[in-house]
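Here is structure.pdb, consisting of PDB, C-alpha atoms:
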```pdb
ATOM      1  CA  MET Z  20      67.129  48.003 153.883  1.00  0.00           C
ATOM      2  CA  GLY Z  21      66.097  46.059 150.784  1.00  0.00           C
ATOM      3  CA  LEU Z  22      62.415  46.884 151.297  1.00  0.00           C
ATOM      4  CA  PHE Z  23      63.240  50.548 151.924  1.00  0.00           C
ATOM      5  CA  SER Z  24      65.225  50.743 148.680  1.00  0.00           C
ATOM      6  CA  PHE Z  25      62.278  49.239 146.797  1.00  0.00           C
ATOM      7  CA  ILE Z  26      59.627  51.667 148.037  1.00  0.00           C
ATOM      8  CA  LYS Z  27      61.971  54.618 147.679  1.00  0.00           C
ATOM      9  CA  LYS Z  28      61.489  54.517 143.912  1.00  0.00           C
ATOM     10  CA  GLN Z  29      58.141  55.045 142.209  1.00  0.00           C
ATOM     11  CA  LEU Z  30      57.499  53.079 139.041  1.00  0.00           C
ATOM     12  CA  LEU Z  31      56.182  55.382 136.349  1.00  0.00           C
ATOM     13  CA  GLU Z  32      53.251  53.681 134.602  1.00  0.00           C
ATOM     14  CA  VAL Z  33      51.997  56.302 132.117  1.00  0.00           C
ATOM     15  CA  ILE Z  34      54.133  58.683 130.053  1.00  0.00           C
ATOM     16  CA  GLN Z  35      52.350  61.495 128.240  1.00  0.00           C
ATOM     17  CA  CYS Z  36      52.458  65.231 127.609  1.00  0.00           C
ATOM     18  CA  LYS Z  37      49.059  66.809 128.250  1.00  0.00           C
ATOM     19  CA  ASP Z  38      49.901  70.466 128.650  1.00  0.00           C
ATOM     20  CA  ILE Z  39      52.056  71.293 125.626  1.00  0.00           C
ATOM     21  CA  SER Z  40      51.182  74.907 124.796  1.00  0.00           C
ATOM     22  CA  LYS Z  41      50.270  76.222 121.342  1.00  0.00           C
ATOM     23  CA  ASP Z  42      53.583  78.077 120.967  1.00  0.00           C
ATOM     24  CA  THR Z  43      55.740  75.186 122.239  1.00  0.00           C
ATOM     25  CA  ILE Z  44      57.400  73.057 119.576  1.00  0.00           C
ATOM     26  CA  VAL Z  45      59.266  70.626 121.842  1.00  0.00           C
ATOM     27  CA  SER Z  46      58.757  69.669 125.472  1.00  0.00           C
ATOM     28  CA  ARG Z  47      61.065  67.278 127.283  1.00  0.00           C
ATOM     29  CA  PHE Z  48      59.350  64.775 129.565  1.00  0.00           C
ATOM     30  CA  VAL Z  49      60.639  65.405 133.074  1.00  0.00           C
ATOM     31  CA  LEU Z  50      60.717  62.648 135.658  1.00  0.00           C
ATOM     32  CA  LYS Z  51      59.652  63.688 139.116  1.00  0.00           C
ATOM     33  CA  ASP Z  52      61.931  62.938 142.028  1.00  0.00           C
ATOM     34  CA  ARG Z  53      62.235  59.189 142.725  1.00  0.00           C
ATOM     35  CA  GLU Z  54      60.434  58.173 139.526  1.00  0.00           C
ATOM     36  CA  GLU Z  55      61.812  55.642 137.055  1.00  0.00           C
ATOM     37  CA  ILE Z  56      60.531  54.552 133.641  1.00  0.00           C
ATOM     38  CA  MET Z  57      60.246  50.784 133.814  1.00  0.00           C
ATOM     39  CA  ASN Z  58      59.532  48.019 131.334  1.00  0.00           C
ATOM     40  CA  SER Z  59      55.790  47.716 130.510  1.00  0.00           C
ATOM     41  CA  SER Z  60      55.109  51.409 131.117  1.00  0.00           C
ATOM     42  CA  THR Z  61      52.495  52.954 128.814  1.00  0.00           C
ATOM     43  CA  LEU Z  62      53.395  55.731 126.385  1.00  0.00           C
ATOM     44  CA  ILE Z  63      50.531  57.950 125.164  1.00  0.00           C
ATOM     45  CA  VAL Z  64      51.264  60.235 122.205  1.00  0.00           C
ATOM     46  CA  GLY Z  65      48.603  62.827 121.409  1.00  0.00           C
ATOM     47  CA  PRO Z  66      46.966  63.317 117.967  1.00  0.00           C
ATOM     48  CA  THR Z  67      49.284  66.230 117.047  1.00  0.00           C
ATOM     49  CA  GLN Z  68      52.419  64.901 118.712  1.00  0.00           C
ATOM     50  CA  THR Z  69      55.494  62.794 118.052  1.00  0.00           C
ATOM     51  CA  ALA Z  70      57.585  61.266 120.857  1.00  0.00           C
ATOM     52  CA  ILE Z  71      61.334  60.755 120.511  1.00  0.00           C
ATOM     53  CA  PHE Z  72      63.482  58.561 122.755  1.00  0.00           C
ATOM     54  CA  VAL Z  73      67.112  59.688 123.089  1.00  0.00           C
ATOM     55  CA  HIS Z  74      69.761  57.452 124.640  1.00  0.00           C
ATOM     56  CA  LYS Z  75      73.259  58.836 125.260  1.00  0.00           C
ATOM     57  CA  GLY Z  76      72.699  61.659 122.768  1.00  0.00           C
ATOM     58  CA  GLU Z  77      71.412  59.405 119.991  1.00  0.00           C
ATOM     59  CA  VAL Z  78      67.858  59.268 118.639  1.00  0.00           C
ATOM     60  CA  CYS Z  79      66.685  55.698 119.215  1.00  0.00           C
ATOM     61  CA  ASP Z  80      62.939  55.376 118.670  1.00  0.00           C
ATOM     62  CA  ILE Z  81      60.245  57.667 117.277  1.00  0.00           C
ATOM     63  CA  PHE Z  82      56.529  57.238 118.031  1.00  0.00           C
ATOM     64  CA  GLY Z  83      53.599  58.804 116.211  1.00  0.00           C
ATOM     65  CA  PRO Z  84      50.131  59.363 117.705  1.00  0.00           C
ATOM     66  CA  GLY Z  85      48.805  56.382 119.633  1.00  0.00           C
ATOM     67  CA  THR Z  86      49.191  54.306 122.800  1.00  0.00           C
ATOM     68  CA  TYR Z  87      52.202  52.022 123.219  1.00  0.00           C
ATOM     69  CA  LYS Z  88      53.275  49.449 125.771  1.00  0.00           C
ATOM     70  CA  LEU Z  89      57.000  49.923 126.330  1.00  0.00           C
ATOM     71  CA  ALA Z  90      58.159  46.352 125.975  1.00  0.00           C
ATOM     72  CA  THR Z  91      60.944  44.537 124.154  1.00  0.00           C
ATOM     73  CA  GLU Z  92      58.472  42.841 121.806  1.00  0.00           C
ATOM     74  CA  ASN Z  93      57.698  45.988 119.810  1.00  0.00           C
ATOM     75  CA  ILE Z  94      60.466  48.499 120.508  1.00  0.00           C
ATOM     76  CA  PRO Z  95      63.962  47.732 119.140  1.00  0.00           C
ATOM     77  CA  PHE Z  96      65.683  50.255 121.387  1.00  0.00           C
ATOM     78  CA  LEU Z  97      64.274  48.693 124.542  1.00  0.00           C
ATOM     79  CA  THR Z  98      65.476  45.290 123.407  1.00  0.00           C
ATOM     80  CA  LYS Z  99      69.058  46.443 123.908  1.00  0.00           C
ATOM     81  CA  ILE Z 100      68.405  48.145 127.229  1.00  0.00           C
ATOM     82  CA  LEU Z 101      66.333  45.353 128.751  1.00  0.00           C
ATOM     83  CA  SER Z 102      68.526  42.513 127.480  1.00  0.00           C
ATOM     84  CA  LEU Z 103      70.906  43.248 130.344  1.00  0.00           C
ATOM     85  CA  PRO Z 104      71.019  40.593 133.103  1.00  0.00           C
ATOM     86  CA  THR Z 105      68.530  42.368 135.378  1.00  0.00           C
ATOM     87  CA  GLY Z 106      65.494  40.191 134.958  1.00  0.00           C
ATOM     88  CA  GLY Z 107      63.909  42.601 132.495  1.00  0.00           C
ATOM     89  CA  ASN Z 108      63.133  45.094 135.227  1.00  0.00           C
ATOM     90  CA  SER Z 109      65.901  47.641 134.713  1.00  0.00           C
ATOM     91  CA  PRO Z 110      64.819  51.265 134.376  1.00  0.00           C
ATOM     92  CA  ILE Z 111      64.738  52.658 130.847  1.00  0.00           C
ATOM     93  CA  ASP Z 112      67.737  54.953 130.569  1.00  0.00           C
ATOM     94  CA  ALA Z 113      66.465  57.455 128.007  1.00  0.00           C
ATOM     95  CA  ASP Z 114      65.269  61.021 127.609  1.00  0.00           C
ATOM     96  CA  ILE Z 115      61.829  61.495 126.061  1.00  0.00           C
ATOM     97  CA  TYR Z 116      60.851  64.511 123.975  1.00  0.00           C
ATOM     98  CA  PHE Z 117      57.344  65.350 122.788  1.00  0.00           C
ATOM     99  CA  ILE Z 118      57.241  67.328 119.535  1.00  0.00           C
ATOM    100  CA  ASN Z 119      54.214  69.398 118.588  1.00  0.00           C
ATOM    101  CA  MET Z 120      53.448  68.530 114.929  1.00  0.00           C
ATOM    102  CA  GLN Z 121      50.659  71.063 114.373  1.00  0.00           C
ATOM    103  CA  GLN Z 122      51.027  74.181 112.226  1.00  0.00           C
ATOM    104  CA  PHE Z 123      52.205  77.299 114.006  1.00  0.00           C
ATOM    105  CA  THR Z 124      50.207  80.095 112.401  1.00  0.00           C
ATOM    106  CA  GLY Z 125      49.959  83.876 112.345  1.00  0.00           C
ATOM    107  CA  ILE Z 126      53.678  84.494 112.846  1.00  0.00           C
ATOM    108  CA  LYS Z 127      54.764  87.931 111.690  1.00  0.00           C
ATOM    109  CA  TRP Z 128      57.663  88.541 109.342  1.00  0.00           C
ATOM    110  CA  GLY Z 129      59.224  91.728 108.001  1.00  0.00           C
ATOM    111  CA  THR Z 130      62.275  92.936 106.120  1.00  0.00           C
ATOM    112  CA  GLN Z 131      64.731  94.191 108.713  1.00  0.00           C
ATOM    113  CA  ASN Z 132      66.774  95.710 105.894  1.00  0.00           C
ATOM    114  CA  PRO Z 133      65.491  96.700 102.425  1.00  0.00           C
ATOM    115  CA  ILE Z 134      65.803  94.119  99.665  1.00  0.00           C
ATOM    116  CA  MET Z 135      66.986  95.109  96.196  1.00  0.00           C
ATOM    117  CA  MET Z 136      64.803  94.896  93.106  1.00  0.00           C
ATOM    118  CA  ARG Z 137      65.970  95.666  89.581  1.00  0.00           C
ATOM    119  CA  ASP Z 138      63.270  97.486  87.608  1.00  0.00           C
ATOM    120  CA  LYS Z 139      63.458  98.329  83.897  1.00  0.00           C
ATOM    121  CA  GLU Z 140      62.033 101.822  84.357  1.00  0.00           C
ATOM    122  CA  PHE Z 141      63.300 102.897  87.770  1.00  0.00           C
ATOM    123  CA  GLY Z 142      66.556 100.957  87.984  1.00  0.00           C
ATOM    124  CA  ASN Z 143      67.583  99.453  91.339  1.00  0.00           C
ATOM    125  CA  ILE Z 144      64.824  99.880  93.941  1.00  0.00           C
ATOM    126  CA  ARG Z 145      64.910  99.150  97.653  1.00  0.00           C
ATOM    127  CA  LEU Z 146      61.785  97.310  98.837  1.00  0.00           C
ATOM    128  CA  ARG Z 147      60.420  96.720 102.309  1.00  0.00           C
ATOM    129  CA  GLY Z 148      57.712  94.234 103.135  1.00  0.00           C
ATOM    130  CA  PHE Z 149      55.840  92.502 105.912  1.00  0.00           C
ATOM    131  CA  GLY Z 150      53.200  89.833 106.441  1.00  0.00           C
ATOM    132  CA  VAL Z 151      52.515  86.560 108.267  1.00  0.00           C
ATOM    133  CA  TYR Z 152      53.497  82.933 107.754  1.00  0.00           C
ATOM    134  CA  SER Z 153      52.966  79.463 109.189  1.00  0.00           C
ATOM    135  CA  PHE Z 154      55.266  76.468 109.542  1.00  0.00           C
ATOM    136  CA  LYS Z 155      55.400  73.005 111.080  1.00  0.00           C
ATOM    137  CA  VAL Z 156      57.871  70.272 111.972  1.00  0.00           C
ATOM    138  CA  ASP Z 157      58.080  67.918 109.003  1.00  0.00           C
ATOM    139  CA  ASN Z 158      60.948  65.620 110.034  1.00  0.00           C
ATOM    140  CA  PRO Z 159      61.210  65.290 113.854  1.00  0.00           C
ATOM    141  CA  LYS Z 160      64.563  63.483 113.869  1.00  0.00           C
ATOM    142  CA  MET Z 161      66.224  66.005 111.561  1.00  0.00           C
ATOM    143  CA  PHE Z 162      64.676  68.896 113.486  1.00  0.00           C
ATOM    144  CA  MET Z 163      66.168  67.578 116.707  1.00  0.00           C
ATOM    145  CA  THR Z 164      69.559  66.907 115.152  1.00  0.00           C
ATOM    146  CA  GLU Z 165      69.883  70.190 113.267  1.00  0.00           C
ATOM    147  CA  MET Z 166      68.043  72.709 115.425  1.00  0.00           C
ATOM    148  CA  PHE Z 167      66.712  72.125 118.914  1.00  0.00           C
ATOM    149  CA  GLY Z 168      69.287  69.645 120.232  1.00  0.00           C
ATOM    150  CA  GLN Z 169      68.356  68.514 123.742  1.00  0.00           C
ATOM    151  CA  ASN Z 170      66.806  71.637 125.245  1.00  0.00           C
ATOM    152  CA  GLN Z 171      64.237  71.243 127.996  1.00  0.00           C
ATOM    153  CA  VAL Z 172      61.674  73.353 126.093  1.00  0.00           C
ATOM    154  CA  PHE Z 173      61.813  74.775 122.569  1.00  0.00           C
ATOM    155  CA  LYS Z 174      59.319  77.451 121.514  1.00  0.00           C
ATOM    156  CA  VAL Z 175      58.373  79.236 118.300  1.00  0.00           C
ATOM    157  CA  SER Z 176      60.379  82.264 119.410  1.00  0.00           C
ATOM    158  CA  ASP Z 177      63.489  80.067 119.541  1.00  0.00           C
ATOM    159  CA  VAL Z 178      63.338  79.285 115.806  1.00  0.00           C
ATOM    160  CA  GLU Z 179      62.193  82.660 114.481  1.00  0.00           C
ATOM    161  CA  THR Z 180      65.707  84.105 114.345  1.00  0.00           C
ATOM    162  CA  GLN Z 181      66.705  81.213 112.089  1.00  0.00           C
ATOM    163  CA  ILE Z 182      63.706  80.888 109.773  1.00  0.00           C
ATOM    164  CA  LYS Z 183      62.735  84.546 109.223  1.00  0.00           C
ATOM    165  CA  PRO Z 184      65.970  85.309 107.317  1.00  0.00           C
ATOM    166  CA  MET Z 185      65.344  82.204 105.182  1.00  0.00           C
ATOM    167  CA  LEU Z 186      61.843  83.454 104.384  1.00  0.00           C
ATOM    168  CA  VAL Z 187      63.087  86.930 103.407  1.00  0.00           C
ATOM    169  CA  GLU Z 188      65.847  85.354 101.323  1.00  0.00           C
ATOM    170  CA  SER Z 189      63.225  83.286  99.518  1.00  0.00           C
ATOM    171  CA  LEU Z 190      61.179  86.452  98.912  1.00  0.00           C
ATOM    172  CA  THR Z 191      64.239  88.114  97.379  1.00  0.00           C
ATOM    173  CA  ASP Z 192      64.767  85.114  95.093  1.00  0.00           C
ATOM    174  CA  ALA Z 193      61.079  85.084  94.106  1.00  0.00           C
ATOM    175  CA  ILE Z 194      61.096  88.774  93.156  1.00  0.00           C
ATOM    176  CA  ALA Z 195      64.315  88.435  91.186  1.00  0.00           C
ATOM    177  CA  GLU Z 196      63.080  85.411  89.251  1.00  0.00           C
ATOM    178  CA  SER Z 197      59.665  86.924  88.499  1.00  0.00           C
ATOM    179  CA  LYS Z 198      61.066  90.023  86.705  1.00  0.00           C
ATOM    180  CA  ILE Z 199      57.788  91.790  87.516  1.00  0.00           C
ATOM    181  CA  SER Z 200      57.919  95.589  87.296  1.00  0.00           C
ATOM    182  CA  ALA Z 201      57.444  97.858  90.288  1.00  0.00           C
ATOM    183  CA  LEU Z 202      54.097  98.946  88.853  1.00  0.00           C
ATOM    184  CA  ASP Z 203      52.747  95.396  89.060  1.00  0.00           C
ATOM    185  CA  LEU Z 204      54.022  94.325  92.480  1.00  0.00           C
ATOM    186  CA  ALA Z 205      50.739  94.781  94.367  1.00  0.00           C
ATOM    187  CA  SER Z 206      48.768  92.683  91.893  1.00  0.00           C
ATOM    188  CA  ASN Z 207      51.146  89.719  92.184  1.00  0.00           C
ATOM    189  CA  TYR Z 208      51.296  89.035  95.924  1.00  0.00           C
ATOM    190  CA  ASN Z 209      49.730  85.595  95.503  1.00  0.00           C
ATOM    191  CA  GLU Z 210      52.260  84.642  92.845  1.00  0.00           C
ATOM    192  CA  PHE Z 211      55.101  85.794  95.092  1.00  0.00           C
ATOM    193  CA  SER Z 212      53.721  83.743  97.981  1.00  0.00           C
ATOM    194  CA  THR Z 213      53.644  80.605  95.837  1.00  0.00           C
ATOM    195  CA  ASN Z 214      57.181  81.219  94.606  1.00  0.00           C
ATOM    196  CA  ILE Z 215      58.409  81.807  98.160  1.00  0.00           C
ATOM    197  CA  LEU Z 216      57.014  78.426  99.232  1.00  0.00           C
ATOM    198  CA  ASN Z 217      58.807  76.754  96.313  1.00  0.00           C
ATOM    199  CA  CYS Z 218      62.088  78.542  97.024  1.00  0.00           C
ATOM    200  CA  ALA Z 219      61.919  77.797 100.765  1.00  0.00           C
ATOM    201  CA  THR Z 220      61.250  74.062 100.515  1.00  0.00           C
ATOM    202  CA  THR Z 221      64.891  73.006 100.456  1.00  0.00           C
ATOM    203  CA  LYS Z 222      66.049  75.654 102.937  1.00  0.00           C
ATOM    204  CA  PHE Z 223      63.468  74.731 105.562  1.00  0.00           C
ATOM    205  CA  GLY Z 224      63.810  71.009 104.824  1.00  0.00           C
ATOM    206  CA  LYS Z 225      67.446  71.056 105.942  1.00  0.00           C
ATOM    207  CA  PHE Z 226      66.188  71.761 109.453  1.00  0.00           C
ATOM    208  CA  GLY Z 227      63.299  69.278 109.380  1.00  0.00           C
ATOM    209  CA  LEU Z 228      60.760  72.083 108.939  1.00  0.00           C
ATOM    210  CA  LYS Z 229      58.126  72.911 106.345  1.00  0.00           C
ATOM    211  CA  LEU Z 230      56.974  76.409 105.414  1.00  0.00           C
ATOM    212  CA  CYS Z 231      53.208  75.960 105.018  1.00  0.00           C
ATOM    213  CA  THR Z 232      51.845  79.391 104.092  1.00  0.00           C
ATOM    214  CA  VAL Z 233      53.162  82.879 103.408  1.00  0.00           C
ATOM    215  CA  VAL Z 234      50.964  85.959 103.245  1.00  0.00           C
ATOM    216  CA  ILE Z 235      52.401  89.212 101.902  1.00  0.00           C
ATOM    217  CA  GLU Z 236      50.455  92.082 103.421  1.00  0.00           C
ATOM    218  CA  ASN Z 237      52.539  94.848 101.889  1.00  0.00           C
ATOM    219  CA  LEU Z 238      55.564  95.546  99.701  1.00  0.00           C
ATOM    220  CA  SER Z 239      56.432  99.216  99.943  1.00  0.00           C
ATOM    221  CA  LEU Z 240      58.436 101.205  97.419  1.00  0.00           C
ATOM    222  CA  PRO Z 241      60.760 104.120  98.228  1.00  0.00           C
ATOM    223  CA  GLU Z 242      58.967 107.430  98.649  1.00  0.00           C
ATOM    224  CA  GLU Z 243      60.463 108.963  95.498  1.00  0.00           C
ATOM    225  CA  VAL Z 244      59.321 106.012  93.380  1.00  0.00           C
ATOM    226  CA  GLU Z 245      55.794 106.224  94.810  1.00  0.00           C
ATOM    227  CA  LYS Z 246      55.693 109.945  93.949  1.00  0.00           C
ATOM    228  CA  ALA Z 247      56.814 109.200  90.396  1.00  0.00           C
ATOM    229  CA  LEU Z 248      54.065 106.579  90.082  1.00  0.00           C
ATOM    230  CA  ASP Z 249      51.491 109.035  91.406  1.00  0.00           C
ATOM    231  CA  GLU Z 250      52.597 111.663  88.864  1.00  0.00           C
ATOM    232  CA  ARG Z 251      52.378 109.117  86.072  1.00  0.00           C
ATOM    233  CA  THR Z 252      48.873 108.176  87.186  1.00  0.00           C
ATOM    234  CA  LYS Z 253      47.809 111.841  87.136  1.00  0.00           C
ATOM    235  CA  LEU Z 254      49.201 112.277  83.620  1.00  0.00           C
ATOM    236  CA  GLY Z 255      47.321 109.169  82.515  1.00  0.00           C
ATOM    237  CA  VAL Z 256      44.068 110.563  83.848  1.00  0.00           C
TER     238      VAL Z 256
END
```

In C-alpha cells, write the structure found in this file.
Amino acid sequence: MGLFSFIKKQLLEVIQCKDISKDTIVSRFVLKDREEIMNSSTLIVGPTQTAIFVHKGEVCDIFGPGTYKLATENIPFLTKILSLPTGGNSPIDADIYFINMQQFTGIKWGTQNPIMMRDKEFGNIRLRGFGVYSFKVDNPKMFMTEMFGQNQVFKVSDVETQIKPMLVESLTDAIAESKISALDLASNYNEFSTNILNCATTKFGKFGLKLCTVVIENLSLPEEVEKALDERTKLGV
C-alpha cells in the first residue's frame, strides 16, 4: 500500500507557462490530476512574464523573468511551508499565477455618451470621440489585489469595462484644463493625448496598471456647430 501511494502521485519538476496568448493578462498554473509541486522543482518565468505564488489567499512570493530552483535557501515563503516536520518533502501548498507584462496594444475606445466642452464662442458643446490605446500591468501584486483576484484566466476584455471609463474621464479632464476652442480641437490631438496620459497615471496606478499610449483618431462636434464652422469658413474665403 505504501508503494502504491508513492507512485500514485507524480512529482512536478518544471513549472512554466508556455502558451499564454497575446490577449491574456493572467493565467493560473493548473496542476494535472495526481501532480504535486515539490521542493526543488524548477520555476521558469518567461521574458515578458511575472509569476506570483498565493498561499491561502495571500500573495507570498513574486518572481520576475528567469529560472528558479524552488528551495528554502532562496524563497522565504517556502521556508515556512517546508519547515514542517515532513523531511523537507511536503508538497508546496500554493496557487501560481503567470502575469503577462507586455503592452496590450491597438485596443479601441470611444465615448459611449457625449462629453461636455465649454467653448467661448459656441457655449456648451457635446463632443464624441474615438481612437485606440495601449496599457500594461505595472504592479503585479496590486493588480491581483485590486482587480483580477484569483480567477483562472483574466483577459484584456475583462478589464476594458473598468479602464475605458477612466480613459474617457481623463479625456474630459484634459479638454477642460486645456481651454482650447472648438475651432482648434483637430490640431491639438497630440497635446490631448499627452494630457490624458498625465491625468490617467494615478487612476490606472490604483489598479496596478499603466496607460502607455493614447491615440485620438477623431473628436466630432455636433452637426449644427460643424455647419456654423463651415459657414464661417466660406465667409472667410

TODO: Quote the spacing between atom CA of Ile126 of chain Z and atom CA of Val78 of chain Z in Å to one decimal place.
DONE: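 These two atoms are separated by 29.5 Å.
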
Open item on the list: For this structure, which residues satisfy the selection - the PyMOL selection byres ((chain Z and resi 145) around 9) - when it is evaluated on the file as given? I want them as a VMD selection string.
Closed with: chain Z and resid 133 to 137 143 to 144 146 to 147 239 to 241

Open item on the list: Give me the residues near Phe48 of chain Z as a ChimeraX atom specification, where near means some atom within 10 Å (using all atoms listed in the file) and where sequence neighbours in that chain fewer than 5 positions away do not count.
Closed with: /Z:34-36,70,114-117,171-172

Any chance you could export the current selection's C-alpha atoms as an mmCIF file, keeping the file's coordinate frame?
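Okay, this is what ended up in result.cif:
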```cif
data_model
loop_
_atom_site.group_PDB
_atom_site.id
_atom_site.type_symbol
_atom_site.label_atom_id
_atom_site.label_comp_id
_atom_site.auth_asym_id
_atom_site.auth_seq_id
_atom_site.Cartn_x
_atom_site.Cartn_y
_atom_site.Cartn_z
ATOM 1 C CA ILE Z 34 54.133 58.683 130.053
ATOM 2 C CA GLN Z 35 52.350 61.495 128.240
ATOM 3 C CA CYS Z 36 52.458 65.231 127.609
ATOM 4 C CA ALA Z 70 57.585 61.266 120.857
ATOM 5 C CA ASP Z 114 65.269 61.021 127.609
ATOM 6 C CA ILE Z 115 61.829 61.495 126.061
ATOM 7 C CA TYR Z 116 60.851 64.511 123.975
ATOM 8 C CA PHE Z 117 57.344 65.350 122.788
ATOM 9 C CA GLN Z 171 64.237 71.243 127.996
ATOM 10 C CA VAL Z 172 61.674 73.353 126.093
#
```

- [ ] Have a look at atom CA of Lys51 of chain Z and atom CA of Ile71 of chain Z and let me know their distance in Å, one decimal.
- [x] 18.9 Å

Axis-aligned box for segment 200-212 of chain Z, 4 Å per side, centre and edges in Å as AutoDock Vina command-line options:
```
--center_x 53.3 --center_y 91.3 --center_z 92.6 --size_x 17.2 --size_y 23.2 --size_z 18.7
```

- [ ] Report as a ChimeraX atom specification the full result of the PyMOL selection byres ((chain Z and resi 131) around 10) when it is applied to this structure.
- [x] /Z:128-130,132-134,147-149,183-184,187

What would the file look like if the residues just selected were written as a short mmCIF file (atom, residue, chain, number, x, y, z; two decimals), in the coordinates of the input with C-alpha atoms?
```cif
data_model
loop_
_atom_site.label_atom_id
_atom_site.label_comp_id
_atom_site.auth_asym_id
_atom_site.auth_seq_id
_atom_site.Cartn_x
_atom_site.Cartn_y
_atom_site.Cartn_z
CA TRP Z 128 57.66 88.54 109.34
CA GLY Z 129 59.22 91.73 108.00
CA THR Z 130 62.28 92.94 106.12
CA ASN Z 132 66.77 95.71 105.89
CA PRO Z 133 65.49 96.70 102.42
CA ILE Z 134 65.80 94.12 99.66
CA ARG Z 147 60.42 96.72 102.31
CA GLY Z 148 57.71 94.23 103.14
CA PHE Z 149 55.84 92.50 105.91
CA LYS Z 183 62.74 84.55 109.22
CA PRO Z 184 65.97 85.31 107.32
CA VAL Z 187 63.09 86.93 103.41
#
```

TODO: In Å, rounded to a single decimal, give me how far atom CA of Ala90 of chain Z is from atom CA of Met161 of chain Z.
DONE: 25.7 Å

- [ ] Convert the output of the PyMOL selection byres ((chain Z and resi 122) around 10) on the shown file into explicit residues, formatted as a list in words.
- [x]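 Applying the expression gives Lys41, Asp42, Ile44, Thr67, Asn119, Met120, Gln121, Phe123, Thr124, Gly125, Ser153, Phe154, Lys155, Val156, Asp157, Lys229, Leu230, Cys231 and Thr232 of chain Z.
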
TODO: Measuring atom to atom with only C-alpha atoms, identify which of Z:Leu228, Z:Leu202, Z:Val175, Z:Val234 is nearest to Asn214 of chain Z.
DONE: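 Selected residue with least distance to Asn214 of chain Z: Z:Val234.
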
TODO: Kindly indicate which residue among Z:Leu62, Z:Val233, Z:Val33, Z:Leu238 lies nearest to Asn209 of chain Z, using only C-alpha atoms for the distances.
DONE: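 Checking each candidate against Asn209 of chain Z, we get Z:Val233 as the closest.
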
Task: Z:Lys139, Z:Lys127, Z:Arg47, Z:Lys88 ranked by distance to Lys198 of chain Z, top pick (using only C-alpha atoms) - done: Z:Lys139

TODO: Please determine the residues with any atom at most 12 Å from (63.3, 75.9, 97.8) (coordinates as given in the file, with all atoms listed in the file counting) and report them as number ranges by chain.
DONE: Z: 185-186, 188-190, 192-193, 213-225, 229-230

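Closest approach to Lys160 of chain Z from the set Z:Ser200, Z:Ser176, Z:Thr69, Z:Gln181 is made by Z:Thr69, with distances taken over all atoms listed in the file.
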
Open item on the list: (54.0, 97.6, 86.1) in this file's frame - what residues fall within 12 Å of it? Use all atoms listed in the file and give the answer as JSON, numbers by chain.
Closed with: {"Z": [138, 139, 140, 141, 198, 199, 200, 201, 202, 203, 204, 205, 206, 207, 248, 251, 252]}

Take the residues from that selection and put them in a file with C-alpha atoms, as an mmCIF file, in the coordinates of the input.
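Done, and the output landed in again.cif:
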```
data_model
loop_
_atom_site.group_PDB
_atom_site.id
_atom_site.type_symbol
_atom_site.label_atom_id
_atom_site.label_comp_id
_atom_site.auth_asym_id
_atom_site.auth_seq_id
_atom_site.Cartn_x
_atom_site.Cartn_y
_atom_site.Cartn_z
ATOM 1 C CA ASP Z 138 63.270 97.486 87.608
ATOM 2 C CA LYS Z 139 63.458 98.329 83.897
ATOM 3 C CA GLU Z 140 62.033 101.822 84.357
ATOM 4 C CA PHE Z 141 63.300 102.897 87.770
ATOM 5 C CA LYS Z 198 61.066 90.023 86.705
ATOM 6 C CA ILE Z 199 57.788 91.790 87.516
ATOM 7 C CA SER Z 200 57.919 95.589 87.296
ATOM 8 C CA ALA Z 201 57.444 97.858 90.288
ATOM 9 C CA LEU Z 202 54.097 98.946 88.853
ATOM 10 C CA ASP Z 203 52.747 95.396 89.060
ATOM 11 C CA LEU Z 204 54.022 94.325 92.480
ATOM 12 C CA ALA Z 205 50.739 94.781 94.367
ATOM 13 C CA SER Z 206 48.768 92.683 91.893
ATOM 14 C CA ASN Z 207 51.146 89.719 92.184
ATOM 15 C CA LEU Z 248 54.065 106.579 90.082
ATOM 16 C CA ARG Z 251 52.378 109.117 86.072
ATOM 17 C CA THR Z 252 48.873 108.176 87.186
#
```
